[in-house]
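Colleague: What follows is upload22.cif, mmCIF, C-alpha atoms, pLDDT in the B column; chains and numbers go by the auth columns.
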data_upload
#
loop_
_atom_site.group_PDB
_atom_site.id
_atom_site.type_symbol
_atom_site.label_atom_id
_atom_site.label_comp_id
_atom_site.label_asym_id
_atom_site.label_seq_id
_atom_site.Cartn_x
_atom_site.Cartn_y
_atom_site.Cartn_z
_atom_site.B_iso_or_equiv
_atom_site.auth_seq_id
_atom_site.auth_asym_id
ATOM 1 C CA MET A 1 -217.642 -36.711 -159.953 41.00 1 A
ATOM 2 C CA PRO A 2 -216.183 -35.897 -156.559 39.00 2 A
ATOM 3 C CA ASP A 3 -212.533 -36.443 -155.800 36.00 3 A
ATOM 4 C CA GLU A 4 -210.747 -37.494 -152.637 32.00 4 A
ATOM 5 C CA THR A 5 -208.455 -35.402 -150.484 29.00 5 A
ATOM 6 C CA VAL A 6 -204.912 -36.721 -150.573 29.00 6 A
ATOM 7 C CA PRO A 7 -203.102 -36.695 -147.218 29.00 7 A
ATOM 8 C CA ASP A 8 -199.362 -36.451 -146.786 32.00 8 A
ATOM 9 C CA SER A 9 -197.256 -38.526 -149.133 32.00 9 A
ATOM 10 C CA GLY A 10 -194.333 -39.786 -147.105 32.00 10 A
ATOM 11 C CA ARG A 11 -192.062 -42.484 -148.465 30.00 11 A
ATOM 12 C CA GLU A 12 -193.022 -46.049 -147.884 34.00 12 A
ATOM 13 C CA SER A 13 -191.456 -49.388 -148.587 33.00 13 A
ATOM 14 C CA GLY A 14 -192.280 -53.013 -147.980 36.00 14 A
ATOM 15 C CA GLY A 15 -195.544 -54.902 -148.157 37.00 15 A
ATOM 16 C CA THR A 16 -197.584 -55.952 -151.120 38.00 16 A
ATOM 17 C CA ALA A 17 -200.834 -54.284 -152.112 41.00 17 A
ATOM 18 C CA PRO A 18 -203.826 -56.333 -153.253 40.00 18 A
ATOM 19 C CA SER A 19 -204.549 -56.401 -156.950 42.00 19 A
ATOM 20 C CA PRO A 20 -206.654 -53.548 -158.402 41.00 20 A
ATOM 21 C CA GLY A 21 -210.361 -54.021 -157.902 39.00 21 A
ATOM 22 C CA THR A 22 -210.207 -55.054 -154.238 42.00 22 A
ATOM 23 C CA ARG A 23 -210.749 -52.889 -151.178 45.00 23 A
ATOM 24 C CA ARG A 24 -207.605 -51.763 -149.395 46.00 24 A
ATOM 25 C CA PRO A 25 -207.072 -51.130 -145.709 49.00 25 A
ATOM 26 C CA GLY A 26 -206.796 -47.602 -144.402 57.00 26 A
ATOM 27 C CA GLY A 27 -203.837 -45.981 -142.678 75.00 27 A
ATOM 28 C CA ARG A 28 -200.463 -45.558 -144.272 78.00 28 A
ATOM 29 C CA THR A 29 -201.188 -47.888 -147.179 83.00 29 A
ATOM 30 C CA ALA A 30 -204.247 -45.838 -148.120 86.00 30 A
ATOM 31 C CA ARG A 31 -202.259 -42.604 -147.868 89.00 31 A
ATOM 32 C CA THR A 32 -199.551 -44.002 -150.097 91.00 32 A
ATOM 33 C CA ARG A 33 -202.045 -45.214 -152.654 91.00 33 A
ATOM 34 C CA ALA A 34 -203.850 -41.864 -152.685 90.00 34 A
ATOM 35 C CA ALA A 35 -200.561 -39.997 -153.164 94.00 35 A
ATOM 36 C CA VAL A 36 -199.632 -42.278 -156.052 95.00 36 A
ATOM 37 C CA ARG A 37 -203.072 -41.815 -157.594 92.00 37 A
ATOM 38 C CA ASP A 38 -202.694 -38.025 -157.480 92.00 38 A
ATOM 39 C CA ALA A 39 -199.252 -38.217 -159.056 95.00 39 A
ATOM 40 C CA VAL A 40 -200.593 -40.444 -161.842 94.00 40 A
ATOM 41 C CA LEU A 41 -203.410 -37.984 -162.551 91.00 41 A
ATOM 42 C CA ALA A 42 -200.993 -35.072 -162.551 93.00 42 A
ATOM 43 C CA GLY A 43 -198.658 -36.897 -164.918 93.00 43 A
ATOM 44 C CA LEU A 44 -201.436 -37.862 -167.298 91.00 44 A
ATOM 45 C CA THR A 45 -202.664 -34.273 -167.333 91.00 45 A
ATOM 46 C CA GLU A 46 -199.206 -32.841 -167.894 92.00 46 A
ATOM 47 C CA HIS A 47 -197.679 -35.371 -170.290 92.00 47 A
ATOM 48 C CA GLY A 48 -200.438 -37.721 -171.437 90.00 48 A
ATOM 49 C CA TYR A 49 -200.218 -41.502 -171.237 91.00 49 A
ATOM 50 C CA PRO A 50 -197.230 -41.855 -173.620 91.00 50 A
ATOM 51 C CA GLY A 51 -195.188 -39.388 -171.539 93.00 51 A
ATOM 52 C CA LEU A 52 -196.054 -40.738 -168.091 94.00 52 A
ATOM 53 C CA THR A 53 -193.158 -42.527 -166.385 95.00 53 A
ATOM 54 C CA VAL A 54 -192.628 -44.375 -163.134 96.00 54 A
ATOM 55 C CA GLU A 55 -189.897 -41.851 -162.349 96.00 55 A
ATOM 56 C CA TYR A 56 -192.425 -39.006 -162.626 97.00 56 A
ATOM 57 C CA VAL A 57 -194.858 -40.778 -160.290 96.00 57 A
ATOM 58 C CA ALA A 58 -192.079 -41.457 -157.791 97.00 58 A
ATOM 59 C CA ALA A 59 -190.914 -37.849 -157.794 96.00 59 A
ATOM 60 C CA HIS A 60 -194.418 -36.426 -157.389 96.00 60 A
ATOM 61 C CA SER A 61 -195.802 -38.948 -154.895 95.00 61 A
ATOM 62 C CA GLY A 62 -192.831 -39.327 -152.583 94.00 62 A
ATOM 63 C CA VAL A 63 -192.963 -43.103 -153.044 95.00 63 A
ATOM 64 C CA HIS A 64 -189.722 -44.742 -154.132 95.00 64 A
ATOM 65 C CA LYS A 65 -189.795 -46.169 -157.638 93.00 65 A
ATOM 66 C CA THR A 66 -188.745 -49.624 -156.417 95.00 66 A
ATOM 67 C CA THR A 67 -191.918 -49.683 -154.318 95.00 67 A
ATOM 68 C CA LEU A 68 -193.945 -48.577 -157.336 96.00 68 A
ATOM 69 C CA TYR A 69 -192.514 -51.353 -159.484 95.00 69 A
ATOM 70 C CA ARG A 70 -193.073 -53.938 -156.761 95.00 70 A
ATOM 71 C CA ARG A 71 -196.687 -52.979 -156.083 94.00 71 A
ATOM 72 C CA TRP A 72 -197.952 -51.754 -159.452 94.00 72 A
ATOM 73 C CA LYS A 73 -195.459 -53.400 -161.854 94.00 73 A
ATOM 74 C CA ASP A 74 -195.649 -50.748 -164.587 94.00 74 A
ATOM 75 C CA ILE A 75 -197.418 -47.647 -165.850 94.00 75 A
ATOM 76 C CA GLU A 76 -200.463 -49.641 -166.921 93.00 76 A
ATOM 77 C CA GLY A 77 -200.832 -50.959 -163.391 93.00 77 A
ATOM 78 C CA LEU A 78 -200.503 -47.470 -161.944 94.00 78 A
ATOM 79 C CA VAL A 79 -203.136 -46.002 -164.253 93.00 79 A
ATOM 80 C CA ALA A 80 -205.549 -48.902 -163.724 91.00 80 A
ATOM 81 C CA ASP A 81 -205.246 -48.645 -159.954 90.00 81 A
ATOM 82 C CA ALA A 82 -205.736 -44.872 -160.054 89.00 82 A
ATOM 83 C CA LEU A 83 -209.070 -45.452 -161.773 85.00 83 A
ATOM 84 C CA ASP A 84 -209.912 -48.242 -159.356 83.00 84 A
ATOM 85 C CA LEU A 85 -209.296 -45.906 -156.423 79.00 85 A
ATOM 86 C CA ALA A 86 -211.472 -43.228 -158.002 73.00 86 A
ATOM 87 C CA GLY A 87 -214.361 -45.699 -157.952 71.00 87 A
ATOM 88 C CA GLU A 88 -214.034 -46.312 -154.215 76.00 88 A
ATOM 89 C CA ASP A 89 -215.513 -42.958 -153.218 78.00 89 A
ATOM 90 C CA SER A 90 -218.846 -42.273 -151.540 81.00 90 A
ATOM 91 C CA TRP A 91 -220.536 -40.670 -154.553 87.00 91 A
ATOM 92 C CA VAL A 92 -224.282 -41.177 -154.751 90.00 92 A
ATOM 93 C CA PRO A 93 -226.592 -40.142 -157.589 92.00 93 A
ATOM 94 C CA PRO A 94 -228.674 -36.978 -157.100 94.00 94 A
ATOM 95 C CA ASP A 95 -232.069 -37.162 -155.440 96.00 95 A
ATOM 96 C CA THR A 96 -234.028 -34.065 -156.463 96.00 96 A
ATOM 97 C CA GLY A 97 -237.509 -35.489 -156.022 95.00 97 A
ATOM 98 C CA SER A 98 -238.195 -36.163 -159.703 97.00 98 A
ATOM 99 C CA LEU A 99 -236.689 -38.228 -162.495 96.00 99 A
ATOM 100 C CA GLU A 100 -236.325 -35.146 -164.675 97.00 100 A
ATOM 101 C CA GLY A 101 -234.490 -33.310 -161.918 97.00 101 A
ATOM 102 C CA ASP A 102 -232.211 -36.271 -161.221 97.00 102 A
ATOM 103 C CA LEU A 103 -231.298 -36.700 -164.889 97.00 103 A
ATOM 104 C CA ARG A 104 -230.712 -32.985 -165.266 97.00 104 A
ATOM 105 C CA ALA A 105 -228.393 -33.019 -162.252 97.00 105 A
ATOM 106 C CA LEU A 106 -226.481 -35.979 -163.690 95.00 106 A
ATOM 107 C CA ALA A 107 -226.074 -34.229 -167.033 96.00 107 A
ATOM 108 C CA GLN A 108 -224.838 -31.119 -165.266 96.00 108 A
ATOM 109 C CA GLU A 109 -222.244 -33.183 -163.404 94.00 109 A
ATOM 110 C CA VAL A 110 -220.866 -34.422 -166.725 94.00 110 A
ATOM 111 C CA VAL A 111 -220.760 -30.899 -168.150 95.00 111 A
ATOM 112 C CA VAL A 112 -219.000 -29.490 -165.095 94.00 112 A
ATOM 113 C CA SER A 113 -216.589 -32.440 -164.833 91.00 113 A
ATOM 114 C CA PHE A 114 -215.308 -31.874 -168.359 92.00 114 A
ATOM 115 C CA THR A 115 -215.556 -28.103 -168.708 91.00 115 A
ATOM 116 C CA ASP A 116 -214.436 -26.786 -165.307 89.00 116 A
ATOM 117 C CA PRO A 117 -210.688 -26.093 -165.635 85.00 117 A
ATOM 118 C CA ALA A 118 -210.135 -27.206 -162.052 80.00 118 A
ATOM 119 C CA VAL A 119 -211.185 -30.805 -162.739 81.00 119 A
ATOM 120 C CA ALA A 120 -211.606 -31.301 -166.488 85.00 120 A
ATOM 121 C CA ALA A 121 -207.993 -32.026 -167.414 87.00 121 A
ATOM 122 C CA SER A 122 -207.524 -35.060 -165.147 84.00 122 A
ATOM 123 C CA GLY A 123 -210.789 -36.725 -166.194 86.00 123 A
ATOM 124 C CA SER A 124 -210.066 -36.215 -169.871 90.00 124 A
ATOM 125 C CA ALA A 125 -206.534 -37.553 -169.413 90.00 125 A
ATOM 126 C CA MET A 126 -207.853 -40.727 -167.792 89.00 126 A
ATOM 127 C CA ILE A 127 -210.267 -41.357 -170.647 91.00 127 A
ATOM 128 C CA ALA A 128 -207.530 -40.659 -173.190 90.00 128 A
ATOM 129 C CA ALA A 129 -205.314 -43.213 -171.423 91.00 129 A
ATOM 130 C CA ALA A 130 -208.026 -45.835 -171.871 91.00 130 A
ATOM 131 C CA PHE A 131 -207.643 -45.483 -175.643 92.00 131 A
ATOM 132 C CA GLN A 132 -203.963 -46.423 -175.346 90.00 132 A
ATOM 133 C CA SER A 133 -203.931 -49.067 -172.635 91.00 133 A
ATOM 134 C CA GLU A 134 -206.131 -52.165 -172.464 91.00 134 A
ATOM 135 C CA ARG A 135 -205.782 -52.363 -168.697 90.00 135 A
ATOM 136 C CA ALA A 136 -206.756 -48.717 -168.362 91.00 136 A
ATOM 137 C CA ALA A 137 -209.737 -49.370 -170.631 93.00 137 A
ATOM 138 C CA ASP A 138 -210.830 -52.283 -168.438 92.00 138 A
ATOM 139 C CA ALA A 139 -210.483 -50.143 -165.312 91.00 139 A
ATOM 140 C CA LEU A 140 -212.417 -47.294 -166.896 92.00 140 A
ATOM 141 C CA ARG A 141 -215.174 -49.704 -167.920 92.00 141 A
ATOM 142 C CA ASP A 142 -215.375 -51.044 -164.357 91.00 142 A
ATOM 143 C CA TYR A 143 -215.456 -47.489 -163.006 90.00 143 A
ATOM 144 C CA TYR A 144 -218.445 -46.464 -165.114 91.00 144 A
ATOM 145 C CA THR A 145 -220.185 -49.812 -164.600 91.00 145 A
ATOM 146 C CA GLU A 146 -220.085 -49.104 -160.879 90.00 146 A
ATOM 147 C CA ARG A 147 -221.279 -45.530 -161.403 90.00 147 A
ATOM 148 C CA PHE A 148 -224.257 -46.622 -163.519 90.00 148 A
ATOM 149 C CA ALA A 149 -225.107 -49.372 -161.038 91.00 149 A
ATOM 150 C CA ARG A 150 -225.411 -46.746 -158.325 91.00 150 A
ATOM 151 C CA CYS A 151 -227.731 -44.774 -160.608 90.00 151 A
ATOM 152 C CA GLU A 152 -230.286 -47.577 -160.676 89.00 152 A
ATOM 153 C CA ALA A 153 -231.760 -45.926 -157.589 92.00 153 A
ATOM 154 C CA LEU A 154 -232.989 -43.075 -159.831 92.00 154 A
ATOM 155 C CA VAL A 155 -235.165 -45.435 -161.811 92.00 155 A
ATOM 156 C CA GLU A 156 -236.419 -47.272 -158.735 91.00 156 A
ATOM 157 C CA ARG A 157 -237.509 -43.986 -157.155 94.00 157 A
ATOM 158 C CA ALA A 158 -239.161 -42.855 -160.402 94.00 158 A
ATOM 159 C CA VAL A 159 -241.192 -46.065 -160.541 91.00 159 A
ATOM 160 C CA ARG A 160 -242.302 -45.692 -156.919 92.00 160 A
ATOM 161 C CA ARG A 161 -243.413 -42.123 -157.629 92.00 161 A
ATOM 162 C CA GLY A 162 -245.370 -43.277 -160.677 92.00 162 A
ATOM 163 C CA GLU A 163 -243.201 -41.335 -163.136 93.00 163 A
ATOM 164 C CA LEU A 164 -242.367 -44.507 -165.053 90.00 164 A
ATOM 165 C CA ALA A 165 -244.752 -47.348 -165.766 80.00 165 A
ATOM 166 C CA ALA A 166 -243.909 -50.583 -163.991 65.00 166 A
ATOM 167 C CA ASP A 167 -244.030 -53.910 -165.818 58.00 167 A
ATOM 168 C CA PRO A 168 -244.512 -56.649 -163.193 52.00 168 A
ATOM 169 C CA ASP A 169 -243.828 -59.466 -165.665 53.00 169 A
ATOM 170 C CA ALA A 170 -240.424 -58.067 -166.645 45.00 170 A
ATOM 171 C CA ALA A 171 -239.550 -56.867 -163.156 44.00 171 A
ATOM 172 C CA ALA A 172 -238.928 -60.387 -161.853 46.00 172 A
ATOM 173 C CA GLU A 173 -236.079 -60.868 -164.315 49.00 173 A
ATOM 174 C CA ALA A 174 -234.798 -57.362 -165.047 43.00 174 A
ATOM 175 C CA GLY A 175 -235.303 -55.534 -161.746 47.00 175 A
ATOM 176 C CA ALA A 176 -236.320 -51.878 -161.402 47.00 176 A
ATOM 177 C CA ALA A 177 -239.820 -52.762 -162.603 53.00 177 A
ATOM 178 C CA GLY A 178 -238.514 -54.275 -165.835 85.00 178 A
ATOM 179 C CA ILE A 179 -236.723 -51.100 -166.897 90.00 179 A
ATOM 180 C CA ASP A 180 -233.111 -51.189 -168.071 91.00 180 A
ATOM 181 C CA ALA A 181 -231.867 -48.567 -165.623 90.00 181 A
ATOM 182 C CA GLY A 182 -228.326 -48.626 -166.964 90.00 182 A
ATOM 183 C CA ALA A 183 -229.457 -47.938 -170.507 93.00 183 A
ATOM 184 C CA LEU A 184 -231.688 -45.112 -169.331 95.00 184 A
ATOM 185 C CA VAL A 185 -228.901 -43.355 -167.444 93.00 185 A
ATOM 186 C CA ARG A 186 -226.370 -43.951 -170.221 95.00 186 A
ATOM 187 C CA SER A 187 -228.792 -42.289 -172.626 96.00 187 A
ATOM 188 C CA VAL A 188 -228.253 -39.005 -170.799 96.00 188 A
ATOM 189 C CA SER A 189 -224.469 -39.063 -170.730 95.00 189 A
ATOM 190 C CA ALA A 190 -223.842 -40.735 -174.119 96.00 190 A
ATOM 191 C CA PRO A 191 -224.440 -37.682 -176.345 97.00 191 A
ATOM 192 C CA LEU A 192 -222.331 -35.553 -174.019 97.00 192 A
ATOM 193 C CA PHE A 193 -219.400 -37.957 -174.135 95.00 193 A
ATOM 194 C CA PHE A 194 -219.798 -38.283 -177.904 96.00 194 A
ATOM 195 C CA ARG A 195 -219.361 -34.538 -178.328 96.00 195 A
ATOM 196 C CA LEU A 196 -216.524 -34.369 -175.814 94.00 196 A
ATOM 197 C CA PHE A 197 -214.383 -37.253 -177.076 92.00 197 A
ATOM 198 C CA ILE A 198 -215.471 -38.140 -180.610 94.00 198 A
ATOM 199 C CA THR A 199 -216.503 -34.998 -182.450 96.00 199 A
ATOM 200 C CA ARG A 200 -214.630 -32.721 -180.014 93.00 200 A
ATOM 201 C CA GLU A 201 -217.520 -30.288 -179.850 95.00 201 A
ATOM 202 C CA PRO A 202 -218.267 -28.147 -176.805 93.00 202 A
ATOM 203 C CA VAL A 203 -220.918 -29.157 -174.295 94.00 203 A
ATOM 204 C CA ASP A 204 -223.032 -26.733 -172.317 94.00 204 A
ATOM 205 C CA ASP A 205 -226.355 -26.443 -170.509 94.00 205 A
ATOM 206 C CA THR A 206 -228.302 -26.461 -173.775 96.00 206 A
ATOM 207 C CA VAL A 207 -226.755 -29.732 -174.912 96.00 207 A
ATOM 208 C CA ALA A 208 -227.336 -31.216 -171.467 97.00 208 A
ATOM 209 C CA GLU A 209 -231.013 -30.216 -171.554 97.00 209 A
ATOM 210 C CA GLN A 210 -231.403 -31.795 -174.986 97.00 210 A
ATOM 211 C CA ALA A 211 -229.946 -35.067 -173.700 97.00 211 A
ATOM 212 C CA VAL A 212 -232.303 -35.051 -170.717 98.00 212 A
ATOM 213 C CA ALA A 213 -235.362 -34.278 -172.859 98.00 213 A
ATOM 214 C CA ALA A 214 -234.509 -37.040 -175.343 98.00 214 A
ATOM 215 C CA THR A 215 -233.991 -39.572 -172.544 97.00 215 A
ATOM 216 C CA LEU A 216 -237.260 -38.682 -170.841 97.00 216 A
ATOM 217 C CA ALA A 217 -239.177 -38.942 -174.113 96.00 217 A
ATOM 218 C CA ALA A 218 -237.634 -42.345 -174.803 96.00 218 A
ATOM 219 C CA ALA A 219 -238.341 -43.535 -171.263 94.00 219 A
ATOM 220 C CA HIS A 220 -241.996 -42.521 -171.409 93.00 220 A
ATOM 221 C CA ALA A 221 -242.287 -44.217 -174.799 92.00 221 A
ATOM 222 C CA GLY A 222 -241.089 -47.470 -173.232 91.00 222 A
ATOM 223 C CA ALA A 223 -237.727 -47.572 -174.982 93.00 223 A
ATOM 224 C CA PHE A 224 -235.967 -48.796 -171.834 93.00 224 A
ATOM 225 C CA THR A 225 -238.677 -51.220 -170.711 89.00 225 A
ATOM 226 C CA VAL A 226 -237.353 -54.738 -171.161 83.00 226 A
ATOM 227 C CA ALA A 227 -240.728 -56.305 -171.924 59.00 227 A
ATOM 228 C CA GLY A 228 -241.519 -53.478 -174.323 44.00 228 A
ATOM 229 C CA ARG A 229 -238.373 -54.175 -176.328 45.00 229 A
ATOM 230 C CA ALA A 230 -239.163 -57.889 -176.435 43.00 230 A
ATOM 231 C CA ASP A 231 -242.730 -57.239 -177.631 47.00 231 A
ATOM 232 C CA ALA A 232 -241.475 -54.871 -180.310 45.00 232 A
ATOM 233 C CA SER A 233 -238.977 -57.457 -181.550 45.00 233 A
ATOM 234 C CA SER A 234 -241.564 -60.190 -181.767 46.00 234 A
ATOM 235 C CA GLY A 235 -243.919 -57.847 -183.565 48.00 235 A
ATOM 236 C CA THR A 236 -241.262 -56.998 -186.103 46.00 236 A
ATOM 237 C CA SER A 237 -240.467 -60.615 -186.856 46.00 237 A
ATOM 238 C CA SER A 238 -244.088 -61.673 -187.269 41.00 238 A
#
Can you present the structure in this file as structure tokens?
Modeller:
Amino acid sequence: MPDETVPDSGRESGGTAPSPGTRRPGGRTARTRAAVRDAVLAGLTEHGYPGLTVEYVAAHSGVHKTTLYRRWKDIEGLVADALDLAGEDSWVPPDTGSLEGDLRALAQEVVVSFTDPAVAASGSAMIAAAFQSERAADALRDYYTERFARCEALVERAVRRGELAADPDAAAEAGAAGIDAGALVRSVSAPLFFRLFITREPVDDTVAEQAVAATLAAAHAGAFTVAGRADASSGTSS
């Protein structure tokens, strides 16, 4: 997932930032927030969530700790807002011309994000923080909810191209031609995240291809079609 460039991090005082989850104005406030976000990521990478302190963020962001306490209250607030800021980027899902190509590109993004030394440490540190802070977990959940919502366009394009069968009866209620787009996209990334953060196994192109192939097979079998799941349930109970 792409990151943002952080401008200069001069000291700032005064003012009150909106609560995490709302859009902030640009200018100096945005520069301050970006500098704080980078310091939080650096601290999580270097020390982990238990070792991250407001003093560290102040020293590495150039923002006085009294301002940090006033705006973000505590470490949980700083971590949650860092994740919130990460979700305010302009990332869009890949558009390769085919569902298979789009899913493969998504899987590759996950592999690169968590194996490339230049970016892997900060992403892993954020996810680790979510296991130790409820507010961080909520922010991480919101971040990925937004990401998967953007990915609904993959399914919509696939339906228009005729790669996935449309169900007009389910479409009225479920959208994307009655296909659970979020479940479909999660099916690609889920086995990768399982290996990365549960079993602690390596991920590579082969694992990514397996995840894509399994998701495509399930999609073509109707596993993500809302009406198909309802029919299967009623058939089982009869």
Colleague: Given the PyMOL selection byres ((chain A and resi 60-63) around 9) and the file above, list the residues it selects as a PyMOL selection string.
Modeller: chain A and resi 9-13+32+34-40+42-43+55-59+64-68
Colleague: Just to confirm, what's the straight-line distance from CA of Ala223 (chain A) to CA of Ala107 (chain A) in Å (one decimal)?
Modeller: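 About the pair CA of Ala223 (chain A) and CA of Ala107 (chain A): they are 19.4 Å apart.
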Colleague: At a cut-off of 12 Å, using only C-alpha atoms, what residues contact Arg195 (chain A)? Leave out same-chain residues fewer than 3 positions from it and give the result as a list of chain:residue names.
Modeller: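 The residues that qualify are A:Val110, A:Val111, A:Phe114, A:Ser189, A:Ala190, A:Pro191, A:Leu192, A:Ile198, A:Thr199, A:Arg200, A:Glu201, A:Pro202, A:Val203, A:Asp204, A:Val207, A:Ala208, A:Ala211.
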Colleague: Specify the axis-aligned box that encloses all atoms of region 143-152 of chain A listed in the file after padding of 6 Å on each side, stating its centre and edge lengths in Å to one decimal as lines of an AutoDock Vina configuration file.
Modeller:
center_x = -222.9
center_y = -47.3
center_z = -161.7
size_x = 26.8
size_y = 17.0
size_z = 18.8
Colleague: Using Å and a single decimal, report how far CA of Asp116 (chain A) sits from CA of Val79 (chain A).
Modeller: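 Going from CA of Val79 (chain A) over to CA of Asp116 (chain A), I get 22.3 Å.
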Colleague: Counting all atoms listed in the file, which residue out of A:Ala219, A:Ala183, A:Val119, A:Ala105 sits closest to Val159 (chain A)?
Modeller: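 Nearest candidate to Val159 (chain A) out of A:Ala219, A:Ala183, A:Val119, A:Ala105: A:Ala219.
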Colleague: Which of these, A:Glu46, A:Asp89, A:Asp138, A:Glu109, has the shortest distance to Glu76 (chain A) once you count all atoms listed in the file?
Modeller: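 For Glu76 (chain A), the nearest of the candidates is A:Asp138.
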Colleague: Taking the file above as input, evaluate the PyMOL selection byres ((chain A and resi 83) around 8) and report the hits as a list in words.
Modeller: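 After applying the PyMOL selection byres ((chain A and resi 83) around 8), what remains is Val79, Ala80, Asp81, Ala82, Asp84, Leu85, Ala86, Gly87, Met126, Ala136, Ala139, Leu140 and Tyr143 of chain A.
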Colleague: Using all atoms listed in the file, which residue out of A:Ala30, A:Val185, A:Val212, A:Val54 lies closest to Tyr144 (chain A)?
Modeller: A:Val185
Colleague: Could you give me, as a CSV table (one decimal) with C-alpha atoms, in the coordinates of the input, the residues within 6 Å of region 148-151 of chain A, counting all atoms listed in the file and dropping anything in the same chain fewer than 3 positions from it?
Modeller:
chain,number,residue,atom,x,y,z
A,93,PRO,CA,-226.6,-40.1,-157.6
A,145,THR,CA,-220.2,-49.8,-164.6
A,154,LEU,CA,-233.0,-43.1,-159.8
A,182,GLY,CA,-228.3,-48.6,-167.0
Colleague: Distance CA of Ala217 (chain A)-CA of Leu106 (chain A), one decimal place?
Modeller: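 Going from CA of Ala217 (chain A) over to CA of Leu106 (chain A), I get 16.7 Å.
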Colleague: Which one is closest to Ala128 (chain A): A:Glu100, A:Thr29, A:Ala165, A:Tyr49? Count only C-alpha atoms.
Modeller: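 When distances to Ala128 (chain A) are compared using only C-alpha atoms, the smallest one comes from A:Tyr49.
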Colleague: Closest to Pro117 (chain A) among A:Gly178, A:Thr45, A:Arg71, A:Trp91, using only C-alpha atoms?
Modeller: A:Thr45
Colleague: Missing atoms in region 40-45 of chain A need filling: write out all heavy atoms for it as a compact mmCIF listing (two decimals), in the frame of the given file.
Modeller:
# COMPACT_ATOMS: atom_id res chain seq x y z
N VAL A 40 -200.23 -39.89 -160.54
CA VAL A 40 -200.59 -40.44 -161.84
C VAL A 40 -201.50 -39.47 -162.60
O VAL A 40 -201.30 -39.20 -163.78
CB VAL A 40 -201.28 -41.82 -161.68
CG1 VAL A 40 -201.89 -42.28 -163.00
CG2 VAL A 40 -200.28 -42.85 -161.17
N LEU A 41 -202.51 -38.94 -161.91
CA LEU A 41 -203.41 -37.98 -162.55
C LEU A 41 -202.66 -36.74 -163.02
O LEU A 41 -202.90 -36.23 -164.11
CB LEU A 41 -204.53 -37.60 -161.60
CG LEU A 41 -205.57 -38.68 -161.28
CD1 LEU A 41 -206.57 -38.16 -160.25
CD2 LEU A 41 -206.29 -39.12 -162.54
N ALA A 42 -201.76 -36.26 -162.17
CA ALA A 42 -200.99 -35.07 -162.55
C ALA A 42 -200.13 -35.35 -163.76
O ALA A 42 -200.02 -34.53 -164.68
CB ALA A 42 -200.12 -34.62 -161.37
N GLY A 43 -199.51 -36.55 -163.79
CA GLY A 43 -198.66 -36.90 -164.92
C GLY A 43 -199.43 -37.08 -166.21
O GLY A 43 -198.97 -36.66 -167.28
N LEU A 44 -200.60 -37.70 -166.11
CA LEU A 44 -201.44 -37.86 -167.30
C LEU A 44 -201.87 -36.51 -167.84
O LEU A 44 -201.91 -36.28 -169.05
CB LEU A 44 -202.66 -38.71 -166.97
CG LEU A 44 -202.43 -40.22 -166.79
CD1 LEU A 44 -203.71 -40.88 -166.30
CD2 LEU A 44 -201.96 -40.86 -168.08
N THR A 45 -202.22 -35.61 -166.93
CA THR A 45 -202.66 -34.27 -167.33
C THR A 45 -201.53 -33.49 -167.98
O THR A 45 -201.73 -32.79 -168.98
CB THR A 45 -203.20 -33.51 -166.11
OG1 THR A 45 -204.29 -34.24 -165.53
CG2 THR A 45 -203.69 -32.13 -166.52
